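A quick write-up on the structure given underneath.
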Amino acid sequence: AKDTNALPDEIFEPARLWLEHSQTAKWIQLVTPNLEPLLQKGWETTEQWFRWFGNLEVSRAWGDRGGGWTSSKAEKPPEGFSEHLSKAEQALEKAWQINPNIAQTAHLMMRVELGQGQGLSRMELWFNRAMALQPNYYDAVKLMSMYLEPRWYGSEEKSLAFARSCVASDKWG
């Protein structure tokens, strides 16, 4: 990350792998204090920086929340959750403006929507963008399916209808 002559993808791919090695809050706190300032200093105007930073903020949000089931949609998320998602949203929107051809950006925005719960139309927008760019994007399909589960924002009927639409689709590579 200190080599400012390196191509951004050569820097950000390993940085993404480090970030995604574990989604726990402790791991993110361990990895990012030295890495984040180096990446920002060298590439703060690039699409890769905004996407990586958005990914970082999504990871921080969900790392703080933890992976357990929520007993109620009304249950208050942990402190900082919405702030991290808001930062992620801003960074990822900027990344998308710079380069709207990266399916991972759309998938990360789906993860933001899962936490923010602004509505199915927003989730579908980012899902459709991801799938248009990468027709076999299993993680996007998996996340959309989860979004449509009763424990999140859907119902058994919506989840089943989505699954059937995937099976019937001829858009797979």
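Letters A, B, ... go to the chains of the structure tokens in the order shown; residues in each chain start at 1; ligands are counted from 1 in the same order.
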Tell me which protein, DNA and RNA residues are within 12 Å of Gln29 in chain A, counting only C-alpha atoms, leaving out same-chain ones fewer than 3 positions away, and put them as a VMD selection string.
-> chain A and resid 18 to 19 22 to 26 32 to 36 56 to 57 59 to 60 63 to 64
Keeping only N, CA, C and O atoms, write the selected residues as a PDB file, in the first residue's frame.
ATOM      1  N   TRP A  18      -7.804  -8.895   2.742  1.00  0.00           N
ATOM      2  CA  TRP A  18      -7.511  -8.718   4.170  1.00  0.00           C
ATOM      3  C   TRP A  18      -8.764  -8.313   4.918  1.00  0.00           C
ATOM      4  O   TRP A  18      -9.065  -8.824   5.991  1.00  0.00           O
ATOM      5  N   LEU A  19      -9.495  -7.369   4.357  1.00  0.00           N
ATOM      6  CA  LEU A  19     -10.704  -6.873   5.000  1.00  0.00           C
ATOM      7  C   LEU A  19     -11.750  -7.969   5.141  1.00  0.00           C
ATOM      8  O   LEU A  19     -12.389  -8.108   6.179  1.00  0.00           O
ATOM      9  N   SER A  22     -12.196 -11.851   7.712  1.00  0.00           N
ATOM     10  CA  SER A  22     -13.125 -12.089   8.809  1.00  0.00           C
ATOM     11  C   SER A  22     -13.994 -10.856   8.952  1.00  0.00           C
ATOM     12  O   SER A  22     -13.501  -9.743   8.847  1.00  0.00           O
ATOM     13  N   GLN A  23     -15.261 -11.048   9.172  1.00  0.00           N
ATOM     14  CA  GLN A  23     -16.174  -9.914   9.292  1.00  0.00           C
ATOM     15  C   GLN A  23     -16.367  -9.473  10.745  1.00  0.00           C
ATOM     16  O   GLN A  23     -17.240  -8.675  11.030  1.00  0.00           O
ATOM     17  N   THR A  24     -15.542  -9.972  11.649  1.00  0.00           N
ATOM     18  CA  THR A  24     -15.711  -9.597  13.043  1.00  0.00           C
ATOM     19  C   THR A  24     -15.163  -8.196  13.301  1.00  0.00           C
ATOM     20  O   THR A  24     -14.218  -7.752  12.647  1.00  0.00           O
ATOM     21  N   ALA A  25     -15.753  -7.519  14.259  1.00  0.00           N
ATOM     22  CA  ALA A  25     -15.322  -6.161  14.603  1.00  0.00           C
ATOM     23  C   ALA A  25     -13.860  -6.157  15.054  1.00  0.00           C
ATOM     24  O   ALA A  25     -13.102  -5.242  14.720  1.00  0.00           O
ATOM     25  N   LYS A  26     -13.437  -7.169  15.793  1.00  0.00           N
ATOM     26  CA  LYS A  26     -12.056  -7.214  16.282  1.00  0.00           C
ATOM     27  C   LYS A  26     -11.055  -7.324  15.129  1.00  0.00           C
ATOM     28  O   LYS A  26     -10.007  -6.701  15.143  1.00  0.00           O
ATOM     29  N   THR A  32      -7.311  -2.479   9.941  1.00  0.00           N
ATOM     30  CA  THR A  32      -7.481  -1.199   9.256  1.00  0.00           C
ATOM     31  C   THR A  32      -6.725   0.011   9.793  1.00  0.00           C
ATOM     32  O   THR A  32      -6.508   0.950   9.025  1.00  0.00           O
ATOM     33  N   PRO A  33      -6.303   0.098  11.053  1.00  0.00           N
ATOM     34  CA  PRO A  33      -5.692   1.346  11.517  1.00  0.00           C
ATOM     35  C   PRO A  33      -4.475   1.809  10.705  1.00  0.00           C
ATOM     36  O   PRO A  33      -4.300   3.007  10.497  1.00  0.00           O
ATOM     37  N   ASN A  34      -3.656   0.893  10.257  1.00  0.00           N
ATOM     38  CA  ASN A  34      -2.498   1.281   9.453  1.00  0.00           C
ATOM     39  C   ASN A  34      -2.811   1.279   7.962  1.00  0.00           C
ATOM     40  O   ASN A  34      -2.276   2.091   7.209  1.00  0.00           O
ATOM     41  N   LEU A  35      -3.657   0.371   7.548  1.00  0.00           N
ATOM     42  CA  LEU A  35      -3.944   0.215   6.127  1.00  0.00           C
ATOM     43  C   LEU A  35      -4.827   1.341   5.577  1.00  0.00           C
ATOM     44  O   LEU A  35      -4.551   1.884   4.504  1.00  0.00           O
ATOM     45  N   GLU A  36      -5.861   1.700   6.299  1.00  0.00           N
ATOM     46  CA  GLU A  36      -6.804   2.713   5.811  1.00  0.00           C
ATOM     47  C   GLU A  36      -6.127   4.043   5.463  1.00  0.00           C
ATOM     48  O   GLU A  36      -6.340   4.570   4.363  1.00  0.00           O
ATOM     49  N   LEU A  56     -15.314  -1.329   3.724  1.00  0.00           N
ATOM     50  CA  LEU A  56     -14.856  -1.221   5.112  1.00  0.00           C
ATOM     51  C   LEU A  56     -15.994  -0.786   6.025  1.00  0.00           C
ATOM     52  O   LEU A  56     -16.214  -1.382   7.089  1.00  0.00           O
ATOM     53  N   GLU A  57     -16.732   0.235   5.618  1.00  0.00           N
ATOM     54  CA  GLU A  57     -17.817   0.739   6.461  1.00  0.00           C
ATOM     55  C   GLU A  57     -18.965  -0.267   6.569  1.00  0.00           C
ATOM     56  O   GLU A  57     -19.571  -0.402   7.621  1.00  0.00           O
ATOM     57  N   SER A  59     -18.483  -3.483   6.468  1.00  0.00           N
ATOM     58  CA  SER A  59     -17.913  -4.491   7.381  1.00  0.00           C
ATOM     59  C   SER A  59     -17.941  -4.009   8.821  1.00  0.00           C
ATOM     60  O   SER A  59     -18.213  -4.790   9.737  1.00  0.00           O
ATOM     61  N   ARG A  60     -17.636  -2.735   9.024  1.00  0.00           N
ATOM     62  CA  ARG A  60     -17.704  -2.180  10.384  1.00  0.00           C
ATOM     63  C   ARG A  60     -19.122  -2.255  10.926  1.00  0.00           C
ATOM     64  O   ARG A  60     -19.346  -2.632  12.081  1.00  0.00           O
ATOM     65  N   GLY A  63     -20.050  -5.924  11.406  1.00  0.00           N
ATOM     66  CA  GLY A  63     -19.195  -6.471  12.459  1.00  0.00           C
ATOM     67  C   GLY A  63     -19.663  -6.037  13.835  1.00  0.00           C
ATOM     68  O   GLY A  63     -19.672  -6.823  14.787  1.00  0.00           O
ATOM     69  N   ASP A  64     -20.069  -4.771  13.944  1.00  0.00           N
ATOM     70  CA  ASP A  64     -20.601  -4.266  15.218  1.00  0.00           C
ATOM     71  C   ASP A  64     -21.926  -4.932  15.567  1.00  0.00           C
ATOM     72  O   ASP A  64     -22.204  -5.210  16.723  1.00  0.00           O
TER      73      ASP A  64
END
May I ask which of the residues A:Ser145, A:Glu83, A:Arg151, A:Arg16 is the closest one to Arg164 in chain A, counting only C-alpha atoms?
-> A:Ser145
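Put simply, CA of Pro150 in chain A is 23.2 Å away from CA of Ala130 in chain A.
Between CA of Ser86 in chain A and CA of Val112 in chain A there is a distance of 8.1 Å.
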Just asking: which residues within range 40-113 of chain A are alpha helix (DSSP H) according to DSSP, as a ChimeraX atom specification?
-> /A:40-43,47-65,81-98,103-113
Only N, CA and C atoms, please: the residues just picked out, written as a short mmCIF file (atom, residue, chain, number, x, y, z; two decimals), in the first residue's frame.
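Result file is again-v4.cif:
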data_model
loop_
_atom_site.label_atom_id
_atom_site.label_comp_id
_atom_site.auth_asym_id
_atom_site.auth_seq_id
_atom_site.Cartn_x
_atom_site.Cartn_y
_atom_site.Cartn_z
N GLN A 40 -5.94 5.64 1.64
CA GLN A 40 -6.57 6.93 1.40
C GLN A 40 -5.55 7.93 0.86
N LYS A 41 -4.38 7.95 1.46
CA LYS A 41 -3.35 8.91 1.04
C LYS A 41 -2.94 8.71 -0.42
N GLY A 42 -2.78 7.47 -0.83
CA GLY A 42 -2.30 7.20 -2.17
C GLY A 42 -3.36 7.21 -3.26
N TRP A 43 -4.62 6.92 -2.88
CA TRP A 43 -5.63 6.71 -3.93
C TRP A 43 -6.99 7.32 -3.58
N GLU A 47 -11.88 5.20 -7.90
CA GLU A 47 -13.05 4.35 -7.67
C GLU A 47 -12.71 3.24 -6.70
N GLN A 48 -11.51 2.68 -6.82
CA GLN A 48 -11.09 1.57 -5.95
C GLN A 48 -11.10 2.00 -4.47
N TRP A 49 -10.64 3.22 -4.19
CA TRP A 49 -10.65 3.71 -2.81
C TRP A 49 -12.08 3.80 -2.28
N PHE A 50 -12.97 4.44 -3.05
CA PHE A 50 -14.34 4.60 -2.57
C PHE A 50 -15.03 3.26 -2.39
N ARG A 51 -14.78 2.31 -3.29
CA ARG A 51 -15.37 0.96 -3.14
C ARG A 51 -14.79 0.26 -1.92
N TRP A 52 -13.46 0.34 -1.74
CA TRP A 52 -12.85 -0.32 -0.58
C TRP A 52 -13.33 0.32 0.72
N PHE A 53 -13.38 1.64 0.75
CA PHE A 53 -13.84 2.32 1.96
C PHE A 53 -15.30 1.99 2.24
N GLY A 54 -16.13 1.93 1.20
CA GLY A 54 -17.51 1.51 1.39
C GLY A 54 -17.60 0.11 1.95
N ASN A 55 -16.77 -0.78 1.42
CA ASN A 55 -16.72 -2.15 1.93
C ASN A 55 -16.28 -2.16 3.40
N LEU A 56 -15.31 -1.33 3.72
CA LEU A 56 -14.86 -1.22 5.11
C LEU A 56 -15.99 -0.79 6.03
N GLU A 57 -16.73 0.23 5.62
CA GLU A 57 -17.82 0.74 6.46
C GLU A 57 -18.96 -0.27 6.57
N VAL A 58 -19.24 -1.00 5.50
CA VAL A 58 -20.23 -2.08 5.56
C VAL A 58 -19.76 -3.14 6.55
N SER A 59 -18.48 -3.48 6.47
CA SER A 59 -17.91 -4.49 7.38
C SER A 59 -17.94 -4.01 8.82
N ARG A 60 -17.64 -2.74 9.02
CA ARG A 60 -17.70 -2.18 10.38
C ARG A 60 -19.12 -2.25 10.93
N ALA A 61 -20.09 -1.88 10.10
CA ALA A 61 -21.49 -1.89 10.54
C ALA A 61 -21.92 -3.30 10.93
N TRP A 62 -21.74 -4.25 10.01
CA TRP A 62 -22.20 -5.61 10.28
C TRP A 62 -21.33 -6.30 11.32
N GLY A 63 -20.05 -5.92 11.41
CA GLY A 63 -19.20 -6.47 12.46
C GLY A 63 -19.66 -6.04 13.84
N ASP A 64 -20.07 -4.77 13.94
CA ASP A 64 -20.60 -4.27 15.22
C ASP A 64 -21.93 -4.93 15.57
N ARG A 65 -22.74 -5.19 14.54
CA ARG A 65 -24.04 -5.80 14.78
C ARG A 65 -23.90 -7.25 15.21
N PHE A 81 -24.11 1.53 13.99
CA PHE A 81 -24.53 0.73 12.84
C PHE A 81 -25.00 1.62 11.69
N SER A 82 -25.96 2.49 11.98
CA SER A 82 -26.51 3.33 10.90
C SER A 82 -25.49 4.35 10.40
N GLU A 83 -24.60 4.82 11.28
CA GLU A 83 -23.57 5.77 10.85
C GLU A 83 -22.59 5.11 9.88
N HIS A 84 -22.20 3.89 10.19
CA HIS A 84 -21.31 3.16 9.29
C HIS A 84 -21.99 2.90 7.94
N LEU A 85 -23.26 2.54 7.98
CA LEU A 85 -23.98 2.28 6.72
C LEU A 85 -24.14 3.56 5.91
N SER A 86 -24.34 4.68 6.59
CA SER A 86 -24.44 5.96 5.89
C SER A 86 -23.13 6.33 5.21
N LYS A 87 -22.02 6.13 5.90
CA LYS A 87 -20.70 6.38 5.30
C LYS A 87 -20.46 5.45 4.12
N ALA A 88 -20.86 4.19 4.28
CA ALA A 88 -20.71 3.22 3.19
C ALA A 88 -21.52 3.65 1.98
N GLU A 89 -22.74 4.05 2.22
CA GLU A 89 -23.62 4.47 1.13
C GLU A 89 -22.99 5.63 0.34
N GLN A 90 -22.48 6.63 1.04
CA GLN A 90 -21.87 7.78 0.37
C GLN A 90 -20.66 7.36 -0.46
N ALA A 91 -19.81 6.53 0.11
CA ALA A 91 -18.60 6.09 -0.60
C ALA A 91 -18.96 5.23 -1.81
N LEU A 92 -19.91 4.33 -1.64
CA LEU A 92 -20.28 3.43 -2.73
C LEU A 92 -21.01 4.16 -3.85
N GLU A 93 -21.82 5.15 -3.50
CA GLU A 93 -22.46 5.97 -4.53
C GLU A 93 -21.39 6.70 -5.35
N LYS A 94 -20.36 7.20 -4.68
CA LYS A 94 -19.26 7.88 -5.38
C LYS A 94 -18.52 6.88 -6.28
N ALA A 95 -18.24 5.70 -5.77
CA ALA A 95 -17.58 4.66 -6.58
C ALA A 95 -18.42 4.35 -7.81
N TRP A 96 -19.74 4.24 -7.64
CA TRP A 96 -20.63 3.93 -8.76
C TRP A 96 -20.63 5.07 -9.79
N GLN A 97 -20.58 6.31 -9.31
CA GLN A 97 -20.52 7.46 -10.23
C GLN A 97 -19.25 7.42 -11.07
N ILE A 98 -18.15 7.04 -10.45
CA ILE A 98 -16.87 6.99 -11.16
C ILE A 98 -16.84 5.84 -12.16
N ALA A 103 -19.67 -4.89 -10.53
CA ALA A 103 -20.79 -5.58 -9.87
C ALA A 103 -20.63 -5.61 -8.36
N GLN A 104 -19.39 -5.66 -7.88
CA GLN A 104 -19.17 -5.70 -6.42
C GLN A 104 -19.72 -4.44 -5.75
N THR A 105 -19.64 -3.30 -6.40
CA THR A 105 -20.18 -2.07 -5.82
C THR A 105 -21.69 -2.21 -5.63
N ALA A 106 -22.37 -2.75 -6.63
CA ALA A 106 -23.81 -2.96 -6.51
C ALA A 106 -24.13 -3.95 -5.39
N HIS A 107 -23.34 -5.00 -5.27
CA HIS A 107 -23.57 -5.99 -4.21
C HIS A 107 -23.36 -5.35 -2.83
N LEU A 108 -22.35 -4.52 -2.70
CA LEU A 108 -22.13 -3.84 -1.43
C LEU A 108 -23.29 -2.90 -1.09
N MET A 109 -23.85 -2.25 -2.10
CA MET A 109 -25.02 -1.40 -1.85
C MET A 109 -26.22 -2.24 -1.43
N MET A 110 -26.30 -3.47 -1.90
CA MET A 110 -27.35 -4.38 -1.43
C MET A 110 -27.17 -4.66 0.05
N ARG A 111 -25.93 -4.81 0.49
CA ARG A 111 -25.67 -5.04 1.92
C ARG A 111 -26.02 -3.80 2.75
N VAL A 112 -25.80 -2.62 2.17
CA VAL A 112 -26.21 -1.38 2.83
C VAL A 112 -27.73 -1.37 2.97
N GLU A 113 -28.43 -1.68 1.89
CA GLU A 113 -29.90 -1.68 1.93
C GLU A 113 -30.44 -2.70 2.93
#
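Shortest atom-to-atom contact with Trp126 in chain A among A:Asp3, A:Ser165, A:Ser155, A:Leu114: A:Leu114, counting only C-alpha atoms.
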So that I can check the surroundings of Trp172 in chain A, please list as a CSV table (one decimal) with N, CA and C atoms, in the first residue's frame every protein, DNA and RNA residue that reaches within 9 Å of it, counting only C-alpha atoms and ignoring chain neighbours fewer than 6 positions away.
chain,number,residue,atom,x,y,z
A,134,GLN,N,-22.9,-9.0,-14.0
A,134,GLN,CA,-22.4,-10.4,-13.8
A,134,GLN,C,-23.5,-11.4,-13.6
A,135,PRO,N,-24.0,-11.9,-14.7
A,135,PRO,CA,-25.2,-12.8,-14.6
A,135,PRO,C,-25.1,-14.0,-13.7
A,136,ASN,N,-23.9,-14.4,-13.4
A,136,ASN,CA,-23.8,-15.5,-12.4
A,136,ASN,C,-23.4,-15.1,-11.0
A,166,CYS,N,-35.7,-17.2,-10.3
A,166,CYS,CA,-34.3,-17.6,-10.6
A,166,CYS,C,-34.2,-18.8,-11.4
Grab the CA of Glu79 in chain A to CA of Gln116 in chain A distance for me, in Å with one decimal place.
-> 13.8 Å
Nearest to Pro8 in chain A among A:Leu30, A:Thr46, A:Pro37, A:Gly80, with distances taken over only C-alpha atoms: which residue is it?
-> A:Thr46
Per-residue nearest contacts of range 97-147 of chain A to range 158-163 of chain A (9 Å; only C-alpha atoms) as CSV:
residue,atom,partner,partner_atom,distance
A:Met144,CA,A:Phe162,CA,8.5
A:Ser145,CA,A:Ser159,CA,6.0
A:Met146,CA,A:Ser159,CA,7.9
A:Tyr147,CA,A:Ser159,CA,8.3
Restricting it to N, CA, C and O atoms, dump the selection as a tab-separated table (two decimals), in the first residue's frame.
chain	number	residue	atom	x	y	z
A	144	MET	N	-30.24	-11.24	-2.11
A	144	MET	CA	-31.61	-10.87	-2.45
A	144	MET	C	-32.59	-11.87	-1.85
A	144	MET	O	-33.63	-11.47	-1.32
A	145	SER	N	-32.25	-13.14	-1.93
A	145	SER	CA	-33.10	-14.17	-1.34
A	145	SER	C	-33.25	-13.95	0.16
A	145	SER	O	-34.36	-14.05	0.70
A	146	MET	N	-32.15	-13.64	0.82
A	146	MET	CA	-32.19	-13.39	2.26
A	146	MET	C	-33.05	-12.16	2.57
A	146	MET	O	-33.84	-12.17	3.52
A	147	TYR	N	-32.91	-11.11	1.79
A	147	TYR	CA	-33.68	-9.89	1.97
A	147	TYR	C	-35.18	-10.17	1.93
A	147	TYR	O	-35.96	-9.54	2.65
